[in-house]
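File shown: coords-v3.txt. Contents: compact mmCIF, N, CA and C atoms.
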```
# COMPACT_ATOMS: atom_id res chain seq x y z
N MET A 12 17.60 34.93 5.47
CA MET A 12 18.35 33.77 5.03
C MET A 12 18.95 33.02 6.21
N GLN A 13 19.46 33.75 7.19
CA GLN A 13 20.08 33.11 8.36
C GLN A 13 19.06 32.29 9.14
N LYS A 14 17.83 32.79 9.27
CA LYS A 14 16.80 32.06 10.01
C LYS A 14 16.45 30.75 9.30
N THR A 15 16.45 30.75 7.97
CA THR A 15 16.15 29.55 7.21
C THR A 15 17.21 28.48 7.46
N ILE A 16 18.47 28.87 7.47
CA ILE A 16 19.55 27.91 7.70
C ILE A 16 19.44 27.34 9.11
N THR A 17 19.14 28.19 10.07
CA THR A 17 19.01 27.74 11.45
C THR A 17 17.86 26.76 11.60
N LYS A 18 16.73 27.05 10.96
CA LYS A 18 15.57 26.16 11.03
C LYS A 18 15.90 24.79 10.44
N LYS A 19 16.58 24.79 9.29
CA LYS A 19 16.93 23.53 8.64
C LYS A 19 17.87 22.72 9.50
N SER A 20 18.86 23.37 10.13
CA SER A 20 19.79 22.62 10.97
C SER A 20 19.08 22.08 12.21
N GLN A 21 18.11 22.82 12.74
CA GLN A 21 17.34 22.32 13.88
C GLN A 21 16.50 21.12 13.49
N GLU A 22 15.93 21.14 12.29
CA GLU A 22 15.13 20.01 11.82
C GLU A 22 16.01 18.77 11.65
N ARG A 23 17.23 18.95 11.10
CA ARG A 23 18.14 17.83 10.95
C ARG A 23 18.53 17.25 12.30
N ASN A 24 18.81 18.11 13.28
CA ASN A 24 19.19 17.64 14.60
C ASN A 24 18.04 16.92 15.28
N SER A 25 16.82 17.39 15.11
CA SER A 25 15.68 16.73 15.74
C SER A 25 15.40 15.38 15.07
N ASP A 26 15.76 15.23 13.79
CA ASP A 26 15.60 13.94 13.11
C ASP A 26 16.56 12.89 13.65
N GLN A 27 17.73 13.32 14.19
CA GLN A 27 18.74 12.39 14.66
C GLN A 27 18.51 11.92 16.08
N ILE A 28 17.66 12.60 16.84
CA ILE A 28 17.45 12.24 18.23
C ILE A 28 16.84 10.84 18.31
N GLY A 29 17.47 9.96 19.06
CA GLY A 29 16.97 8.61 19.24
C GLY A 29 17.31 7.65 18.13
N LYS A 30 18.08 8.09 17.13
CA LYS A 30 18.47 7.20 16.03
C LYS A 30 19.95 6.88 16.12
N ASN A 31 20.35 5.75 15.59
CA ASN A 31 21.76 5.39 15.56
C ASN A 31 22.48 6.25 14.52
N LEU A 32 23.72 6.59 14.82
CA LEU A 32 24.51 7.44 13.93
C LEU A 32 25.33 6.59 12.97
N ILE A 33 25.31 6.96 11.70
CA ILE A 33 26.09 6.25 10.69
C ILE A 33 27.23 7.18 10.26
N GLN A 34 28.46 6.68 10.38
CA GLN A 34 29.64 7.47 10.04
C GLN A 34 30.79 6.54 9.70
N CYS A 35 31.92 7.11 9.29
CA CYS A 35 33.06 6.25 8.98
C CYS A 35 33.80 5.87 10.26
N LEU A 36 34.48 4.76 10.21
CA LEU A 36 35.16 4.19 11.38
C LEU A 36 36.17 5.15 11.99
N SER A 37 36.86 5.92 11.17
CA SER A 37 37.92 6.79 11.68
C SER A 37 37.38 7.94 12.52
N THR A 38 36.10 8.29 12.41
CA THR A 38 35.54 9.40 13.18
C THR A 38 34.81 8.96 14.45
N CYS A 39 34.65 7.67 14.66
CA CYS A 39 33.94 7.17 15.84
C CYS A 39 34.82 7.27 17.09
N GLU A 40 34.18 7.30 18.24
CA GLU A 40 34.89 7.34 19.52
C GLU A 40 35.48 5.97 19.82
N LYS A 41 36.62 5.96 20.51
CA LYS A 41 37.21 4.67 20.88
C LYS A 41 36.43 4.04 22.02
N GLY A 42 36.44 2.72 22.06
CA GLY A 42 35.73 1.98 23.09
C GLY A 42 34.27 1.71 22.77
N THR A 43 33.80 2.10 21.59
CA THR A 43 32.40 1.89 21.24
C THR A 43 32.23 0.65 20.38
N GLU A 44 31.09 0.00 20.53
CA GLU A 44 30.74 -1.15 19.69
C GLU A 44 30.05 -0.63 18.45
N LEU A 45 30.48 -1.09 17.30
CA LEU A 45 29.99 -0.58 16.03
C LEU A 45 29.51 -1.73 15.15
N LEU A 46 28.57 -1.43 14.27
CA LEU A 46 28.06 -2.41 13.31
C LEU A 46 28.48 -1.95 11.93
N VAL A 47 29.18 -2.80 11.20
CA VAL A 47 29.63 -2.45 9.85
C VAL A 47 28.42 -2.41 8.92
N LYS A 48 28.21 -1.27 8.26
CA LYS A 48 27.10 -1.12 7.32
C LYS A 48 27.55 -1.38 5.88
N SER A 49 28.72 -0.83 5.51
CA SER A 49 29.24 -1.04 4.16
C SER A 49 30.72 -0.74 4.12
N VAL A 50 31.36 -1.14 3.03
CA VAL A 50 32.77 -0.85 2.80
C VAL A 50 32.85 -0.15 1.46
N ASN A 51 33.23 1.13 1.48
CA ASN A 51 33.31 1.93 0.25
C ASN A 51 34.76 1.95 -0.24
N ALA A 52 35.19 0.85 -0.79
CA ALA A 52 36.58 0.73 -1.26
C ALA A 52 36.60 -0.04 -2.57
N GLY A 53 37.77 -0.13 -3.14
CA GLY A 53 37.95 -0.88 -4.38
C GLY A 53 37.85 -2.37 -4.16
N ARG A 54 37.95 -3.11 -5.25
CA ARG A 54 37.79 -4.56 -5.21
C ARG A 54 38.83 -5.24 -4.33
N MET A 55 40.09 -4.82 -4.46
CA MET A 55 41.16 -5.45 -3.68
C MET A 55 41.06 -5.11 -2.20
N ALA A 56 40.72 -3.87 -1.88
CA ALA A 56 40.58 -3.48 -0.48
C ALA A 56 39.40 -4.20 0.17
N LYS A 57 38.29 -4.32 -0.56
CA LYS A 57 37.14 -5.05 -0.04
C LYS A 57 37.50 -6.51 0.22
N SER A 58 38.25 -7.09 -0.70
CA SER A 58 38.66 -8.49 -0.56
C SER A 58 39.56 -8.66 0.66
N ARG A 59 40.50 -7.73 0.85
CA ARG A 59 41.40 -7.81 2.00
C ARG A 59 40.63 -7.68 3.30
N LEU A 60 39.70 -6.72 3.36
CA LEU A 60 38.90 -6.53 4.58
C LEU A 60 38.00 -7.74 4.84
N ALA A 61 37.47 -8.33 3.78
CA ALA A 61 36.63 -9.52 3.93
C ALA A 61 37.44 -10.68 4.48
N ASP A 62 38.69 -10.81 4.02
CA ASP A 62 39.58 -11.85 4.53
C ASP A 62 39.87 -11.65 6.02
N LEU A 63 39.88 -10.40 6.46
CA LEU A 63 40.10 -10.08 7.88
C LEU A 63 38.83 -10.20 8.71
N GLY A 64 37.68 -10.41 8.05
CA GLY A 64 36.42 -10.58 8.77
C GLY A 64 35.59 -9.32 8.85
N ILE A 65 35.99 -8.27 8.13
CA ILE A 65 35.25 -7.01 8.16
C ILE A 65 34.33 -6.98 6.95
N VAL A 66 33.09 -7.37 7.16
CA VAL A 66 32.06 -7.40 6.12
C VAL A 66 30.79 -6.76 6.70
N PRO A 67 29.88 -6.30 5.86
CA PRO A 67 28.64 -5.71 6.38
C PRO A 67 27.89 -6.68 7.30
N GLY A 68 27.41 -6.16 8.43
CA GLY A 68 26.67 -6.95 9.40
C GLY A 68 27.49 -7.41 10.58
N VAL A 69 28.81 -7.26 10.53
CA VAL A 69 29.69 -7.71 11.60
C VAL A 69 29.84 -6.61 12.64
N LYS A 70 29.86 -7.02 13.92
CA LYS A 70 30.08 -6.06 15.01
C LYS A 70 31.57 -5.97 15.28
N ILE A 71 32.06 -4.73 15.42
CA ILE A 71 33.47 -4.49 15.74
C ILE A 71 33.54 -3.51 16.91
N ILE A 72 34.68 -3.47 17.57
CA ILE A 72 34.92 -2.53 18.66
C ILE A 72 36.16 -1.73 18.32
N LYS A 73 36.04 -0.41 18.35
CA LYS A 73 37.20 0.45 18.14
C LYS A 73 37.93 0.57 19.46
N LYS A 74 39.15 0.04 19.53
CA LYS A 74 39.90 -0.01 20.79
C LYS A 74 40.80 1.20 20.98
N LYS A 75 41.62 1.52 19.98
CA LYS A 75 42.57 2.62 20.10
C LYS A 75 42.66 3.39 18.80
N SER A 76 43.05 4.64 18.92
CA SER A 76 43.27 5.49 17.76
C SER A 76 44.57 6.26 18.00
N ALA A 77 45.58 6.01 17.17
CA ALA A 77 46.87 6.66 17.34
C ALA A 77 46.76 8.16 16.99
N PRO A 78 47.54 8.99 17.67
CA PRO A 78 47.49 10.43 17.38
C PRO A 78 48.11 10.76 16.02
N PHE A 79 47.85 11.96 15.56
CA PHE A 79 48.42 12.49 14.31
C PHE A 79 48.07 11.63 13.11
N ASN A 80 46.81 11.24 13.01
CA ASN A 80 46.30 10.44 11.89
C ASN A 80 47.03 9.11 11.72
N GLY A 81 47.36 8.49 12.83
CA GLY A 81 48.01 7.19 12.83
C GLY A 81 47.00 6.07 12.66
N PRO A 82 47.43 4.84 12.81
CA PRO A 82 46.55 3.69 12.61
C PRO A 82 45.49 3.55 13.71
N ILE A 83 44.49 2.73 13.42
CA ILE A 83 43.37 2.49 14.33
C ILE A 83 43.34 1.01 14.68
N GLU A 84 43.22 0.72 15.97
CA GLU A 84 43.13 -0.67 16.42
C GLU A 84 41.67 -1.02 16.66
N ILE A 85 41.23 -2.13 16.08
CA ILE A 85 39.86 -2.59 16.26
C ILE A 85 39.86 -4.05 16.68
N GLU A 86 38.73 -4.49 17.20
CA GLU A 86 38.55 -5.89 17.56
C GLU A 86 37.41 -6.45 16.72
N VAL A 87 37.71 -7.53 16.00
CA VAL A 87 36.72 -8.20 15.14
C VAL A 87 36.69 -9.66 15.54
N LYS A 88 35.54 -10.13 15.99
CA LYS A 88 35.37 -11.54 16.38
C LYS A 88 36.50 -12.00 17.31
N SER A 89 36.74 -11.23 18.34
CA SER A 89 37.76 -11.47 19.38
C SER A 89 39.19 -11.49 18.85
N SER A 90 39.43 -10.95 17.66
CA SER A 90 40.78 -10.77 17.12
C SER A 90 41.09 -9.30 17.04
N SER A 91 42.29 -8.92 17.43
CA SER A 91 42.69 -7.52 17.39
C SER A 91 43.40 -7.23 16.07
N LEU A 92 42.96 -6.18 15.37
CA LEU A 92 43.54 -5.78 14.09
C LEU A 92 43.92 -4.31 14.12
N VAL A 93 44.92 -3.95 13.35
CA VAL A 93 45.31 -2.55 13.20
C VAL A 93 45.18 -2.18 11.73
N LEU A 94 44.41 -1.11 11.47
CA LEU A 94 44.18 -0.64 10.11
C LEU A 94 44.72 0.77 9.96
N GLY A 95 45.23 1.08 8.79
CA GLY A 95 45.62 2.45 8.49
C GLY A 95 44.38 3.34 8.45
N ARG A 96 44.55 4.61 8.75
CA ARG A 96 43.41 5.51 8.81
C ARG A 96 42.72 5.66 7.46
N GLY A 97 43.47 5.58 6.36
CA GLY A 97 42.86 5.69 5.03
C GLY A 97 41.90 4.55 4.76
N LEU A 98 42.31 3.34 5.09
CA LEU A 98 41.45 2.17 4.90
C LEU A 98 40.29 2.20 5.88
N ALA A 99 40.56 2.63 7.11
CA ALA A 99 39.50 2.70 8.13
C ALA A 99 38.43 3.72 7.75
N SER A 100 38.82 4.77 7.06
CA SER A 100 37.84 5.80 6.69
C SER A 100 36.88 5.32 5.60
N LYS A 101 37.20 4.20 4.95
CA LYS A 101 36.31 3.64 3.93
C LYS A 101 35.30 2.65 4.50
N ILE A 102 35.40 2.37 5.80
CA ILE A 102 34.47 1.46 6.46
C ILE A 102 33.36 2.29 7.10
N ILE A 103 32.14 2.12 6.63
CA ILE A 103 30.98 2.86 7.14
C ILE A 103 30.32 2.01 8.22
N VAL A 104 30.16 2.61 9.41
CA VAL A 104 29.64 1.88 10.56
C VAL A 104 28.44 2.61 11.16
N GLU A 105 27.68 1.87 11.95
CA GLU A 105 26.55 2.42 12.69
C GLU A 105 26.89 2.34 14.17
N CYS A 106 26.86 3.49 14.83
CA CYS A 106 27.18 3.54 16.25
C CYS A 106 25.95 3.17 17.05
N ASN A 107 26.16 2.46 18.17
CA ASN A 107 25.05 2.13 19.06
C ASN A 107 24.71 3.28 19.98
N ILE A 108 25.56 4.28 20.03
CA ILE A 108 25.31 5.47 20.85
C ILE A 108 24.38 6.38 20.07
N THR A 109 23.28 6.79 20.67
CA THR A 109 22.34 7.65 19.99
C THR A 109 22.59 9.11 20.36
N CYS A 110 22.23 9.99 19.47
CA CYS A 110 22.42 11.42 19.67
C CYS A 110 21.35 11.95 20.63
N ASN A 111 21.77 12.61 21.67
CA ASN A 111 20.83 13.14 22.67
C ASN A 111 20.72 14.66 22.66
N SER A 112 21.45 15.33 21.77
CA SER A 112 21.41 16.79 21.78
C SER A 112 20.46 17.33 20.73
```
Re-express the file's structure as structure tokens.
Amino acid sequence: MQKTITKKSQERNSDQIGKNLIQCLSTCEKGTELLVKSVNAGRMAKSRLADLGIVPGVKIIKKKSAPFNGPIEIEVKSSSLVLGRGLASKIIVECNITCNS
């Protein structure tokens, strides 16, 4: 059973080599350029983010991440915004950094 799990995890890792990583904004590294893929939030949260310019297809840069699950600072269309970590975790992004391991 252990060998089967190891083989499956190796297959998953080999599938990610050379591909862009898709994850939520709160887990990305700071200083990276990201492409918004989707917003998994309610109607009001989506509307608020859209008013701020965060919609699918927009490039953003994660600038800072406060310690102890604090807010996240991002740059959208040359404007600096600060989002709470809960709202930031609902933004699904694609990292331009590819997995090399």
Of the residues A:Met55, A:Ile102, A:Leu46, A:Gln34, which is the one nearest to Ile71 in chain A, using only C-alpha atoms?
-> A:Leu46
Using only C-alpha atoms, pick whichever of A:Lys48, A:Leu98, A:Gly68, A:Ser89 has the shortest atom-to-atom distance to Leu32 in chain A.
->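 Of the candidates, the smallest distance to Leu32 in chain A is held by A:Lys48.
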Which polymer residues, protein or nucleic acid, are no farther than 6 Å from (32.8, -2.2, 17.4), counting all atoms listed in the file, as a compact mmCIF listing (two decimals) with N, CA and C atoms, in the frame of the given file?
```txt
# COMPACT_ATOMS: atom_id res chain seq x y z
N THR A 43 33.80 2.10 21.59
CA THR A 43 32.40 1.89 21.24
C THR A 43 32.23 0.65 20.38
N GLU A 44 31.09 0.00 20.53
CA GLU A 44 30.74 -1.15 19.69
C GLU A 44 30.05 -0.63 18.45
N LEU A 45 30.48 -1.09 17.30
CA LEU A 45 29.99 -0.58 16.03
C LEU A 45 29.51 -1.73 15.15
N LEU A 46 28.57 -1.43 14.27
CA LEU A 46 28.06 -2.41 13.31
C LEU A 46 28.48 -1.95 11.93
N LYS A 70 29.86 -7.02 13.92
CA LYS A 70 30.08 -6.06 15.01
C LYS A 70 31.57 -5.97 15.28
N ILE A 71 32.06 -4.73 15.42
CA ILE A 71 33.47 -4.49 15.74
C ILE A 71 33.54 -3.51 16.91
N ILE A 72 34.68 -3.47 17.57
CA ILE A 72 34.92 -2.53 18.66
C ILE A 72 36.16 -1.73 18.32
N LYS A 73 36.04 -0.41 18.35
CA LYS A 73 37.20 0.45 18.14
C LYS A 73 37.93 0.57 19.46
```
Tell me, in Å to one decimal, how far atom C of Asp62 in chain A is from atom C of Phe79 in chain A.
-> 25.7 Å
Would you please give, as an MDAnalysis selection string, all residues of range 16-107 of chain A that DSSP assigns to helix (DSSP H, G or I) based on the backbone?
-> chainID A and resid 16:27 36:38 54:62 96:99
What separation in Å, quoted to one decimal, exists between CA of Ala52 in chain A and CA of Asn80 in chain A?
-> 19.0 Å
Could you pull out every residue with an atom within 6.5 Å of (47.1, 2.9, 12.5), file coordinates, counting all atoms listed in the file, and send them as a PyMOL selection string?
-> chain A and resi 77+80-84+93-96
Expressed in Å to a single decimal, how great is the separation between atom C of Ser90 in chain A and atom N of Ala56 in chain A?
-> 19.7 Å
Kindly indicate which residue among A:Ser49, A:Gly42, A:Glu86, A:Leu36 lies nearest to Ala99 in chain A, using only C-alpha atoms for the distances.
->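 The shortest atom-to-atom distance to Ala99 in chain A comes from A:Leu36.
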A:Val47, A:Pro78, A:Gly53, A:Cys39 ranked by distance to Val66 in chain A, top pick (using only N, CA and C atoms) =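 Among A:Val47, A:Pro78, A:Gly53, A:Cys39, it is A:Val47 that comes nearest to Val66 in chain A.
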